[in-house]
file input.csv (CSV, C-alpha atoms)
chain,number,residue,atom,x,y,z
W,3,MET,CA,-19.3,57.8,-20.3
W,4,GLU,CA,-22.3,55.5,-20.5
W,5,ARG,CA,-21.7,52.1,-18.9
W,6,LYS,CA,-22.1,49.0,-21.0
W,7,LYS,CA,-25.3,47.0,-20.0
W,8,VAL,CA,-24.9,43.4,-18.8
W,9,TYR,CA,-27.7,40.9,-18.9
W,10,LEU,CA,-27.2,38.1,-16.5
W,11,SER,CA,-28.8,34.7,-17.1
W,12,SER,CA,-28.7,32.5,-14.1
W,13,PRO,CA,-30.9,30.1,-12.0
W,14,GLU,CA,-29.9,32.3,-9.1
W,15,ARG,CA,-33.0,34.3,-9.8
W,16,LEU,CA,-34.9,31.4,-8.3
W,17,LYS,CA,-33.0,31.4,-5.0
W,18,ARG,CA,-34.8,32.5,-1.8
W,19,ASP,CA,-32.3,35.4,-1.4
W,20,ALA,CA,-32.3,36.2,-5.1
W,21,LYS,CA,-32.7,39.9,-4.6
W,22,LYS,CA,-29.8,40.1,-2.2
W,23,LEU,CA,-27.6,38.0,-4.6
W,24,PHE,CA,-28.6,40.3,-7.4
W,25,GLU,CA,-27.6,43.4,-5.5
W,26,GLU,CA,-24.2,41.8,-4.8
W,27,LYS,CA,-23.8,41.1,-8.5
W,28,LYS,CA,-24.9,44.6,-9.4
W,29,ALA,CA,-22.1,46.0,-7.2
W,30,LEU,CA,-19.6,43.6,-8.7
W,31,CYS,CA,-20.6,44.7,-12.3
W,32,ALA,CA,-20.3,48.4,-11.2
W,33,ASN,CA,-16.7,47.7,-10.0
W,34,TYR,CA,-15.8,46.7,-13.5
W,35,GLY,CA,-17.5,49.6,-15.0
W,36,PHE,CA,-20.6,47.7,-16.2
W,37,GLU,CA,-24.3,48.2,-15.4
W,38,LEU,CA,-26.2,45.0,-14.5
W,39,MET,CA,-29.7,45.2,-16.0
W,40,GLU,CA,-32.5,45.0,-13.4
W,41,TYR,CA,-34.9,42.1,-13.8
W,42,PRO,CA,-38.6,43.1,-13.7
W,43,GLU,CA,-39.9,42.8,-10.1
W,44,GLU,CA,-42.4,40.0,-11.0
W,45,ILE,CA,-39.5,37.6,-11.8
W,46,TYR,CA,-39.3,37.0,-8.0
W,47,ILE,CA,-43.0,36.0,-7.7
W,48,ASN,CA,-43.5,32.3,-7.1
W,49,LYS,CA,-47.1,31.9,-8.1
W,50,ASP,CA,-48.7,33.6,-11.1
W,51,SER,CA,-50.9,33.1,-14.2
W,52,TYR,CA,-49.6,31.9,-17.5
W,53,GLU,CA,-50.6,35.2,-19.0
W,54,ASN,CA,-48.5,37.3,-16.6
W,55,ASN,CA,-45.7,34.7,-17.0
W,56,ARG,CA,-45.7,35.2,-20.7
W,57,LYS,CA,-45.6,39.0,-20.4
W,58,LEU,CA,-42.6,38.8,-18.1
W,59,ALA,CA,-40.8,36.6,-20.7
W,60,GLU,CA,-41.5,39.3,-23.4
W,61,LYS,CA,-39.9,42.0,-21.2
W,62,ARG,CA,-36.9,39.8,-20.6
W,63,LEU,CA,-36.6,39.1,-24.4
W,64,GLN,CA,-36.4,42.9,-24.9
W,65,MET,CA,-33.8,43.2,-22.2
W,66,ILE,CA,-31.6,40.7,-24.0
W,67,LYS,CA,-32.1,42.6,-27.2
W,68,ASP,CA,-31.1,45.8,-25.4
W,69,CYS,CA,-28.0,44.5,-23.5
W,70,ASP,CA,-24.4,45.1,-24.7
W,71,ILE,CA,-22.9,42.0,-23.0
W,72,PHE,CA,-24.7,38.8,-22.2
W,73,ILE,CA,-23.3,36.7,-19.3
W,74,ALA,CA,-24.6,33.2,-18.5
W,75,ASP,CA,-24.2,31.0,-15.5
W,76,THR,CA,-23.5,27.6,-17.2
W,77,ASN,CA,-23.1,25.6,-14.0
W,78,ASP,CA,-25.0,22.3,-13.9
W,79,PHE,CA,-28.6,22.6,-12.7
W,80,ARG,CA,-31.0,19.8,-11.7
W,81,ALA,CA,-29.2,17.6,-14.2
W,82,TYR,CA,-25.9,15.9,-15.0
W,83,VAL,CA,-23.7,18.1,-17.1
W,84,GLU,CA,-26.5,20.4,-18.2
W,85,PRO,CA,-27.0,24.0,-17.3
W,86,PHE,CA,-30.3,25.7,-16.4
W,87,GLY,CA,-32.6,25.1,-19.5
W,88,GLU,CA,-33.8,28.7,-19.4
W,89,THR,CA,-30.2,29.9,-19.5
W,90,ALA,CA,-29.5,27.7,-22.6
W,91,LEU,CA,-32.6,29.2,-24.3
W,92,GLU,CA,-31.4,32.7,-23.4
W,93,MET,CA,-28.0,32.0,-24.8
W,94,GLY,CA,-29.6,31.1,-28.1
W,95,ILE,CA,-31.6,34.3,-28.0
W,96,ALA,CA,-28.5,36.4,-27.3
W,97,PHE,CA,-26.6,34.6,-30.1
W,98,GLY,CA,-29.6,35.4,-32.4
W,99,PHE,CA,-29.2,39.1,-31.4
W,100,ASP,CA,-25.5,39.0,-32.1
W,101,LYS,CA,-24.5,39.8,-28.5
W,102,LYS,CA,-21.1,39.5,-27.0
W,103,MET,CA,-21.4,36.4,-24.9
W,104,TYR,CA,-19.6,34.9,-21.9
W,105,GLY,CA,-20.4,31.9,-19.7
W,106,TYR,CA,-19.0,31.0,-16.3
W,107,MET,CA,-18.8,27.8,-14.4
W,108,LYS,CA,-16.9,26.5,-11.4
W,109,ASP,CA,-15.6,23.4,-13.2
W,110,THR,CA,-14.8,23.6,-16.9
W,111,ARG,CA,-13.6,20.0,-17.2
W,112,VAL,CA,-15.2,18.2,-20.2
W,113,CYS,CA,-18.7,16.7,-19.7
W,114,SER,CA,-17.4,13.1,-19.6
W,115,LEU,CA,-15.1,13.9,-16.7
W,116,ARG,CA,-17.6,15.9,-14.8
W,117,TYR,CA,-20.4,13.4,-15.2
W,118,SER,CA,-20.9,11.8,-11.8
W,119,GLY,CA,-23.4,9.1,-12.9
W,120,LYS,CA,-22.4,5.6,-14.0
W,121,LYS,CA,-20.2,5.6,-17.1
W,122,GLU,CA,-17.8,3.4,-19.0
W,123,TYR,CA,-14.9,3.9,-21.4
W,124,ASP,CA,-15.6,2.7,-24.9
W,125,GLU,CA,-12.2,1.4,-26.1
W,126,GLU,CA,-13.3,1.1,-29.7
W,127,ASN,CA,-14.3,4.7,-30.1
W,128,LYS,CA,-11.9,6.0,-27.5
W,129,SER,CA,-14.6,7.9,-25.6
W,130,TRP,CA,-16.8,7.8,-22.5
W,131,LYS,CA,-20.4,6.7,-22.5
W,132,ASP,CA,-23.1,6.8,-19.9
W,133,ALA,CA,-25.0,3.8,-18.6
W,134,ASN,CA,-27.4,4.0,-21.6
W,135,GLY,CA,-24.4,3.9,-24.0
W,136,ILE,CA,-24.8,7.6,-24.9
W,137,GLY,CA,-21.7,9.6,-25.5
W,138,PHE,CA,-20.8,13.1,-24.2
W,139,GLU,CA,-20.3,16.5,-25.6
W,140,PRO,CA,-16.6,17.2,-26.3
W,141,GLY,CA,-16.3,20.3,-24.1
W,142,PRO,CA,-17.6,21.5,-20.7
W,143,VAL,CA,-21.0,22.3,-22.2
W,144,ASN,CA,-23.0,21.5,-25.3
W,145,LEU,CA,-21.0,22.6,-28.4
W,146,MET,CA,-23.7,25.1,-29.4
W,147,LEU,CA,-23.1,26.9,-26.1
W,148,GLU,CA,-19.3,26.4,-26.2
W,149,TYR,CA,-18.8,27.9,-29.7
W,150,SER,CA,-21.2,30.9,-29.2
W,151,ALA,CA,-19.8,32.1,-25.9
W,152,LYS,CA,-16.5,32.3,-24.1
W,153,ILE,CA,-16.7,29.8,-21.3
W,154,ILE,CA,-14.7,31.0,-18.3
W,155,GLU,CA,-13.8,28.9,-15.3
W,156,GLY,CA,-14.8,30.6,-12.1
W,157,GLY,CA,-17.7,32.9,-11.2
W,158,LEU,CA,-19.3,36.1,-12.5
W,159,GLU,CA,-16.3,38.1,-11.5
W,160,ASP,CA,-14.0,36.1,-13.7
W,161,ALA,CA,-16.4,36.6,-16.6
W,162,LEU,CA,-16.5,40.3,-15.9
W,163,LYS,CA,-12.7,40.5,-15.8
W,164,LYS,CA,-12.6,38.9,-19.2
W,165,ALA,CA,-15.3,41.2,-20.6
W,166,LYS,CA,-13.5,44.2,-19.2
W,167,GLU,CA,-10.2,43.1,-20.6
W,168,GLU,CA,-11.7,42.7,-24.1
W,169,GLU,CA,-13.6,46.1,-23.8
W,170,ASP,CA,-10.3,47.8,-23.0
W,171,VAL,CA,-8.6,46.2,-26.0
W,172,HIS,CA,-11.3,47.6,-28.2
G,28,MET,CA,-47.4,26.1,-47.0
G,29,PHE,CA,-46.6,29.5,-45.5
G,30,ILE,CA,-45.8,33.0,-46.6
G,31,ASP,CA,-42.0,33.6,-46.5
G,32,LYS,CA,-40.3,36.9,-45.8
G,33,ASN,CA,-40.3,37.6,-49.6
G,34,GLY,CA,-44.1,37.2,-49.7
G,35,GLN,CA,-43.8,33.8,-51.5
G,36,VAL,CA,-46.1,31.0,-50.6
G,37,ARG,CA,-44.1,27.8,-50.2
G,38,LYS,CA,-43.5,24.8,-47.9
G,39,PRO,CA,-41.6,26.0,-44.8
G,40,VAL,CA,-38.4,24.2,-43.8
G,41,VAL,CA,-38.5,23.1,-40.2
G,42,TYR,CA,-35.4,22.8,-38.1
G,43,LEU,CA,-35.7,19.7,-36.0
G,44,ALA,CA,-33.9,20.7,-32.8
G,45,ASP,CA,-33.4,17.5,-30.8
G,46,PHE,CA,-31.2,15.1,-28.9
G,47,GLU,CA,-32.1,12.1,-31.1
G,48,MET,CA,-28.7,12.1,-32.7
G,49,PHE,CA,-27.4,10.7,-29.4
G,50,LEU,CA,-29.9,7.8,-29.4
G,51,PRO,CA,-29.9,4.4,-31.1
G,52,THR,CA,-33.5,5.1,-32.3
G,53,CYS,CA,-32.4,8.2,-34.1
G,54,GLU,CA,-33.0,7.0,-37.7
G,55,GLU,CA,-36.4,5.6,-37.1
G,56,THR,CA,-37.6,8.7,-35.1
G,57,VAL,CA,-36.3,11.2,-37.6
G,58,LYS,CA,-38.0,9.2,-40.4
G,59,TYR,CA,-41.3,9.5,-38.5
G,60,TRP,CA,-40.9,13.2,-37.8
G,61,LYS,CA,-40.2,13.9,-41.5
G,62,GLU,CA,-43.3,12.0,-42.5
G,63,VAL,CA,-45.4,14.0,-40.0
G,64,CYS,CA,-43.8,17.2,-41.4
G,65,GLU,CA,-44.8,16.2,-44.9
G,66,LYS,CA,-48.4,15.5,-43.7
G,67,TYR,CA,-48.6,19.1,-42.3
G,68,GLY,CA,-47.1,20.7,-45.3
G,69,PHE,CA,-43.6,21.2,-44.0
G,70,ILE,CA,-40.1,20.0,-44.9
G,71,GLY,CA,-38.3,18.6,-41.9
G,72,LEU,CA,-34.6,19.2,-41.7
G,73,PHE,CA,-32.5,17.2,-39.2
G,74,PRO,CA,-29.3,18.8,-38.0
G,75,GLY,CA,-27.3,15.8,-38.9
G,76,GLU,CA,-28.3,16.0,-42.6
G,77,GLY,CA,-26.2,17.3,-45.4
G,78,ASP,CA,-22.5,16.8,-46.2
G,79,PRO,CA,-20.9,15.0,-43.3
G,80,VAL,CA,-18.4,16.9,-41.2
G,81,GLU,CA,-15.0,15.3,-42.0
G,82,PRO,CA,-12.8,14.4,-39.1
G,83,GLY,CA,-9.7,16.6,-38.5
G,84,GLU,CA,-8.6,19.9,-37.1
G,85,ASN,CA,-11.3,22.0,-35.4
G,86,TYR,CA,-13.8,19.2,-35.9
G,87,TRP,CA,-16.3,20.4,-33.3
G,88,GLN,CA,-16.1,24.0,-34.4
G,89,ARG,CA,-17.0,22.7,-37.9
G,90,VAL,CA,-19.9,20.6,-36.5
G,91,PHE,CA,-21.2,23.8,-34.8
G,92,GLU,CA,-20.9,25.7,-38.2
G,93,HIS,CA,-22.6,22.9,-40.0
G,94,ASP,CA,-25.6,23.0,-37.6
G,95,TYR,CA,-25.7,26.7,-37.6
G,96,THR,CA,-25.8,26.8,-41.4
G,97,HIS,CA,-28.8,24.5,-41.2
G,98,MET,CA,-30.5,26.8,-38.7
G,99,ARG,CA,-30.0,29.8,-41.0
G,100,ASN,CA,-31.6,27.9,-43.9
G,101,CYS,CA,-34.8,27.1,-42.0
G,102,ASP,CA,-38.0,29.0,-41.6
G,103,MET,CA,-39.1,27.7,-38.3
G,104,CYS,CA,-38.2,25.4,-35.4
G,105,ILE,CA,-39.7,22.5,-33.6
G,106,ALA,CA,-37.7,21.5,-30.5
G,107,GLN,CA,-37.7,18.3,-28.4
G,108,LEU,CA,-37.9,19.5,-24.8
G,109,ASP,CA,-38.0,16.3,-22.9
G,110,ASP,CA,-35.7,15.8,-19.9
G,111,TRP,CA,-32.1,15.0,-20.8
G,112,ARG,CA,-29.8,13.4,-18.1
G,113,GLY,CA,-31.9,15.0,-15.3
G,114,HIS,CA,-34.7,17.5,-15.0
G,115,GLU,CA,-33.6,19.9,-17.7
G,116,CYS,CA,-34.0,19.7,-21.5
G,117,ASP,CA,-31.0,19.3,-23.7
G,118,SER,CA,-29.1,22.6,-23.6
G,119,GLY,CA,-28.1,22.5,-27.3
G,120,THR,CA,-31.8,22.0,-28.3
G,121,ALA,CA,-32.9,24.9,-26.0
G,122,PHE,CA,-30.1,27.1,-27.5
G,123,GLU,CA,-31.2,26.4,-31.0
G,124,LEU,CA,-34.8,27.2,-30.1
G,125,GLY,CA,-33.7,30.5,-28.6
G,126,TRP,CA,-32.0,31.5,-31.7
G,127,PHE,CA,-35.2,31.1,-33.7
G,128,ILE,CA,-37.1,33.1,-31.1
G,129,ALA,CA,-34.6,36.0,-31.5
G,130,LYS,CA,-35.0,35.9,-35.2
G,131,GLY,CA,-38.8,36.2,-34.9
G,132,LEU,CA,-39.3,32.9,-36.6
G,133,PRO,CA,-42.2,30.5,-35.6
G,134,SER,CA,-40.9,28.4,-32.7
G,135,TYR,CA,-42.6,25.4,-31.1
G,136,GLY,CA,-41.6,22.6,-28.7
G,137,PHE,CA,-42.9,19.3,-27.6
G,138,TYR,CA,-42.6,17.7,-24.2
G,139,SER,CA,-44.2,14.4,-23.0
G,140,GLY,CA,-43.6,14.8,-19.3
G,141,LYS,CA,-45.8,16.1,-16.5
G,142,THR,CA,-47.2,19.6,-16.4
G,143,PRO,CA,-47.2,22.2,-14.8
G,144,LEU,CA,-43.6,22.6,-13.5
G,145,THR,CA,-44.7,22.0,-9.9
G,146,ALA,CA,-45.9,18.5,-11.0
G,147,ARG,CA,-42.6,17.5,-12.5
G,148,ASP,CA,-40.4,15.0,-10.7
G,149,ILE,CA,-38.0,17.6,-9.3
G,150,GLU,CA,-36.9,16.7,-5.8
G,151,LYS,CA,-39.0,19.0,-3.7
G,152,GLY,CA,-37.8,20.9,-0.6
G,153,ASN,CA,-39.9,23.3,1.4
G,154,ASP,CA,-42.4,26.0,0.5
G,155,GLY,CA,-42.3,25.6,-3.3
G,156,TYR,CA,-38.5,25.3,-3.5
G,157,ASP,CA,-36.4,22.3,-4.6
G,158,VAL,CA,-33.9,20.5,-2.4
G,159,ASP,CA,-31.1,22.9,-3.5
G,160,GLY,CA,-33.1,25.9,-2.6
G,161,TYR,CA,-34.3,27.0,-6.1
G,162,MET,CA,-37.9,28.1,-6.5
G,163,ILE,CA,-40.1,25.8,-8.6
G,164,GLU,CA,-42.2,28.3,-10.5
G,165,ASP,CA,-46.0,27.8,-10.0
G,166,LYS,CA,-47.2,29.6,-13.1
G,167,GLU,CA,-49.5,27.2,-15.0
G,168,TYR,CA,-46.7,26.0,-17.2
G,169,ALA,CA,-44.3,23.0,-17.6
G,170,PHE,CA,-41.1,25.1,-17.9
G,171,GLU,CA,-39.5,28.2,-16.4
G,172,ASN,CA,-40.5,31.6,-17.5
G,173,MET,CA,-38.7,32.2,-20.8
G,174,PHE,CA,-40.1,29.0,-22.4
G,175,THR,CA,-43.5,30.7,-22.5
G,176,LEU,CA,-42.2,32.4,-25.7
G,177,VAL,CA,-42.9,29.2,-27.5
G,178,LYS,CA,-46.0,27.0,-27.8
G,179,ILE,CA,-45.4,23.6,-26.5
G,180,ALA,CA,-47.4,20.4,-27.3
G,181,SER,CA,-47.2,17.0,-25.7
G,182,ASP,CA,-45.8,15.3,-28.8
G,183,PHE,CA,-44.2,16.0,-32.2
G,184,GLU,CA,-47.4,15.8,-34.2
G,185,GLY,CA,-49.1,18.1,-31.6
G,186,ALA,CA,-46.4,20.7,-32.3
G,187,CYS,CA,-46.9,20.3,-36.0
G,188,LYS,CA,-50.7,20.9,-35.5
G,189,LEU,CA,-50.0,24.1,-33.5
G,190,ALA,CA,-47.7,25.3,-36.2
G,191,ARG,CA,-50.1,24.5,-39.0
G,192,ALA,CA,-52.9,26.3,-37.3
G,193,ASP,CA,-50.8,29.4,-36.9
G,194,LEU,CA,-49.5,29.3,-40.5
G,195,ASN,CA,-53.0,28.7,-41.8
G,196,ARG,CA,-54.3,31.8,-40.0
G,197,GLN,CA,-51.5,33.7,-41.7
G,198,LEU,CA,-52.5,32.3,-45.1
G,199,ILE,CA,-56.1,33.2,-44.6
G,200,GLU,CA,-55.4,36.7,-43.4
G,201,HIS,CA,-53.4,37.3,-46.6
G,202,GLY,CA,-56.2,35.9,-48.8
G,203,TYR,CA,-54.8,32.5,-49.5
G,204,ASN,CA,-56.4,29.1,-49.0
G,205,PRO,CA,-55.3,27.2,-45.9
G,206,TYR,CA,-53.2,24.1,-46.2
G,207,ILE,CA,-55.5,21.1,-45.7
G,208,VAL,CA,-53.9,18.3,-43.7
G,209,LYS,CA,-54.5,14.9,-45.3
call {"tool": "encode", "arguments": {"input": "input.csv", "output": "structure tokens"}}
result
Amino acid sequence: MERKKVYLSSPERLKRDAKKLFEEKKALCANYGFELMEYPEEIYINKDSYENNRKLAEKRLQMIKDCDIFIADTNDFRAYVEPFGETALEMGIAFGFDKKMYGYMKDTRVCSLRYSGKKEYDEENKSWKDANGIGFEPGPVNLMLEYSAKIIEGGLEDALKKAKEEEDVH
Amino acid sequence: MFIDKNGQVRKPVVYLADFEMFLPTCEETVKYWKEVCEKYGFIGLFPGEGDPVEPGENYWQRVFEHDYTHMRNCDMCIAQLDDWRGHECDSGTAFELGWFIAKGLPSYGFYSGKTPLTARDIEKGNDGYDVDGYMIEDKEYAFENMFTLVKIASDFEGACKLARADLNRQLIEHGYNPYIVK
């Protein structure tokens, strides 16, 4: 039986040991009966031209189109309570292609509780605001992400478990 | 003006993907964006427009549906990609932009910060990596790889200019007159 193809969106592709991490995740996906789609090799190149960069993005766009299951690492990245921007963009792409979507993050408490910057409680509106008086999304991530994907607390394995569980039901 | 999927020439409706709704300057900014849209022959649609979502059960799910309905009713997207609470753009905005890309609809962004990505104020570590050990891509662009799927200008009007140039090329190719920006 052909294994379902998983596209993984994560800033881990930018880590020094990205290839090793990918191999570990590939093995994890295989344990659950899924095939983790291989990124094009050039994704690991640090320095390149805009032209090649764009060609790489087009290949990845096609990969998202071709996947069966889309899994996103929605942990905070270089920001307070915001995931990797590229992952958010890819989640929108996957949603546009009607993919089955999962997200995973270590801490799924709502944004206002996870926010580590200065914040204060607005008694009148019964909600938290940051130092600029700006409120927070109601869930662990922006609502567009929250309502397009199942956000699971934990790591990739927890998302795979959920995906497997749902595959078995169907 | 543009040629829609039914071959009709009309004003495109532009989805204004942004984080302005969180800011006190929202009304003023959106008014300006809509005026600029008008100038370039577009109709700007702000996600917060239309019937307000009534409070009650499943409120946020209904807010999502409200915005998603607006997205489906638009012909193209212009997204505000400036940093939001850190060194990343607003994830909701990026998500919406991604949806337009998947649908093959014209997608643009604007970003007023430094470019390329290596010049941005990310806390640098060693050898082209940040302090958390993530590579800072050095690829002649202000954002990570997948954002190259959209054209990005330095401000909202710049994004409208890019869009108008593309749509005018399409009009000319099909034998129509280009839209003249006043």
call {"tool": "residues_around", "arguments": {"input": "input.csv", "residues": "Glu159 in chain W", "least_positions_apart": "6", "cutoff": "10 Å", "atoms": "all atoms listed in the file", "output": "list in words"}}
result
Lys27, Leu30, Cys31, Asn33, Tyr34, Tyr106 and Ala165 of chain W
call {"tool": "atom_distance", "arguments": {"input": "input.csv", "atom1": "CA of Phe183 in chain G", "atom2": "CA of Met103 in chain G"}}
result
14.1 Å
call {"tool": "closest_residue", "arguments": {"input": "input.csv", "among": "W:Gly119, W:Gly98, W:Pro42, W:Pro140", "to": "chain G", "atoms": "all atoms listed in the file"}}
result
W:Gly98
call {"tool": "residues_around", "arguments": {"input": "input.csv", "residues": "Ala20 in chain W", "least_positions_apart": "4", "cutoff": "10 Å", "atoms": "only C-alpha atoms", "output": "number ranges by chain"}}
result
W: 13-16, 24-26, 45-46; G: 161-162
call {"tool": "write_last_selection", "arguments": {"input": "input.csv", "atoms": "C-alpha atoms", "output": "compact mmCIF listing (two decimals), keeping the file's coordinate frame"}}
result
# COMPACT_ATOMS: atom_id res chain seq x y z
CA PRO W 13 -30.90 30.10 -12.00
CA GLU W 14 -29.90 32.30 -9.10
CA ARG W 15 -33.00 34.30 -9.80
CA LEU W 16 -34.90 31.40 -8.30
CA PHE W 24 -28.60 40.30 -7.40
CA GLU W 25 -27.60 43.40 -5.50
CA GLU W 26 -24.20 41.80 -4.80
CA ILE W 45 -39.50 37.60 -11.80
CA TYR W 46 -39.30 37.00 -8.00
CA TYR G 161 -34.30 27.00 -6.10
CA MET G 162 -37.90 28.10 -6.50
call {"tool": "closest_residue", "arguments": {"input": "input.csv", "among": "G:Leu132, G:Ala180, G:Leu50, G:Ala169", "to": "Lys131 in chain W", "atoms": "all atoms listed in the file"}}
result
G:Leu50
call {"tool": "interface_residues", "arguments": {"input": "input.csv", "of": "chain G", "to": "chain W", "cutoff": "9 Å", "atoms": "all atoms listed in the file", "output": "mmCIF file with C-alpha atoms, keeping the file's coordinate frame"}}
result
data_model
loop_
_atom_site.group_PDB
_atom_site.id
_atom_site.type_symbol
_atom_site.label_atom_id
_atom_site.label_comp_id
_atom_site.auth_asym_id
_atom_site.auth_seq_id
_atom_site.Cartn_x
_atom_site.Cartn_y
_atom_site.Cartn_z
ATOM 1 C CA PHE G 49 -27.400 10.700 -29.400
ATOM 2 C CA LEU G 50 -29.900 7.800 -29.400
ATOM 3 C CA PRO G 51 -29.900 4.400 -31.100
ATOM 4 C CA TRP G 87 -16.300 20.400 -33.300
ATOM 5 C CA GLN G 88 -16.100 24.000 -34.400
ATOM 6 C CA VAL G 90 -19.900 20.600 -36.500
ATOM 7 C CA PHE G 91 -21.200 23.800 -34.800
ATOM 8 C CA ASP G 94 -25.600 23.000 -37.600
ATOM 9 C CA TYR G 95 -25.700 26.700 -37.600
ATOM 10 C CA ASP G 110 -35.700 15.800 -19.900
ATOM 11 C CA TRP G 111 -32.100 15.000 -20.800
ATOM 12 C CA ARG G 112 -29.800 13.400 -18.100
ATOM 13 C CA GLY G 113 -31.900 15.000 -15.300
ATOM 14 C CA HIS G 114 -34.700 17.500 -15.000
ATOM 15 C CA GLU G 115 -33.600 19.900 -17.700
ATOM 16 C CA CYS G 116 -34.000 19.700 -21.500
ATOM 17 C CA ASP G 117 -31.000 19.300 -23.700
ATOM 18 C CA SER G 118 -29.100 22.600 -23.600
ATOM 19 C CA GLY G 119 -28.100 22.500 -27.300
ATOM 20 C CA THR G 120 -31.800 22.000 -28.300
ATOM 21 C CA ALA G 121 -32.900 24.900 -26.000
ATOM 22 C CA PHE G 122 -30.100 27.100 -27.500
ATOM 23 C CA GLU G 123 -31.200 26.400 -31.000
ATOM 24 C CA LEU G 124 -34.800 27.200 -30.100
ATOM 25 C CA GLY G 125 -33.700 30.500 -28.600
ATOM 26 C CA TRP G 126 -32.000 31.500 -31.700
ATOM 27 C CA PHE G 127 -35.200 31.100 -33.700
ATOM 28 C CA ILE G 128 -37.100 33.100 -31.100
ATOM 29 C CA ALA G 129 -34.600 36.000 -31.500
ATOM 30 C CA LYS G 130 -35.000 35.900 -35.200
ATOM 31 C CA ILE G 149 -38.000 17.600 -9.300
ATOM 32 C CA GLU G 150 -36.900 16.700 -5.800
ATOM 33 C CA GLY G 155 -42.300 25.600 -3.300
ATOM 34 C CA TYR G 156 -38.500 25.300 -3.500
ATOM 35 C CA ASP G 159 -31.100 22.900 -3.500
ATOM 36 C CA GLY G 160 -33.100 25.900 -2.600
ATOM 37 C CA TYR G 161 -34.300 27.000 -6.100
ATOM 38 C CA MET G 162 -37.900 28.100 -6.500
ATOM 39 C CA ILE G 163 -40.100 25.800 -8.600
ATOM 40 C CA GLU G 164 -42.200 28.300 -10.500
ATOM 41 C CA ASP G 165 -46.000 27.800 -10.000
ATOM 42 C CA LYS G 166 -47.200 29.600 -13.100
ATOM 43 C CA GLU G 167 -49.500 27.200 -15.000
ATOM 44 C CA TYR G 168 -46.700 26.000 -17.200
ATOM 45 C CA PHE G 170 -41.100 25.100 -17.900
ATOM 46 C CA GLU G 171 -39.500 28.200 -16.400
ATOM 47 C CA ASN G 172 -40.500 31.600 -17.500
ATOM 48 C CA MET G 173 -38.700 32.200 -20.800
ATOM 49 C CA PHE G 174 -40.100 29.000 -22.400
ATOM 50 C CA THR G 175 -43.500 30.700 -22.500
ATOM 51 C CA LEU G 176 -42.200 32.400 -25.700
#
call {"tool": "residues_around", "arguments": {"input": "input.csv", "residues": "Asn195 in chain G", "least_positions_apart": "4", "cutoff": "9 Å", "atoms": "all atoms listed in the file", "output": "CSV table (one decimal) with C-alpha atoms, keeping the file's coordinate frame"}}
result
chain,number,residue,atom,x,y,z
G,28,MET,CA,-47.4,26.1,-47.0
G,29,PHE,CA,-46.6,29.5,-45.5
G,190,ALA,CA,-47.7,25.3,-36.2
G,191,ARG,CA,-50.1,24.5,-39.0
G,199,ILE,CA,-56.1,33.2,-44.6
G,200,GLU,CA,-55.4,36.7,-43.4
G,203,TYR,CA,-54.8,32.5,-49.5
G,204,ASN,CA,-56.4,29.1,-49.0
G,205,PRO,CA,-55.3,27.2,-45.9
G,206,TYR,CA,-53.2,24.1,-46.2
G,207,ILE,CA,-55.5,21.1,-45.7
call {"tool": "closest_residue", "arguments": {"input": "input.csv", "among": "G:Phe73, G:Pro133, G:Glu47, G:Asp148", "to": "Lys61 in chain G", "atoms": "only C-alpha atoms"}}
result
G:Phe73
call {"tool": "residues_around", "arguments": {"input": "input.csv", "residues": "Glu155 in chain W", "least_positions_apart": "2", "cutoff": "6 Å", "atoms": "all atoms listed in the file", "output": "list in words"}}
result
Tyr106, Met107, Lys108 and Thr110 of chain W
call {"tool": "residues_around", "arguments": {"input": "input.csv", "residues": "Lys209 in chain G", "least_positions_apart": "3", "cutoff": "12 Å", "atoms": "all atoms listed in the file", "output": "number ranges by chain"}}
result
G: 62-68, 206
call {"tool": "atom_distance", "arguments": {"input": "input.csv", "atom1": "CA of Ile73 in chain W", "atom2": "CA of Gly75 in chain G"}}
result
28.9 Å
call {"tool": "atom_distance", "arguments": {"input": "input.csv", "atom1": "CA of Gln197 in chain G", "atom2": "CA of Leu108 in chain G"}}
result
25.9 Å
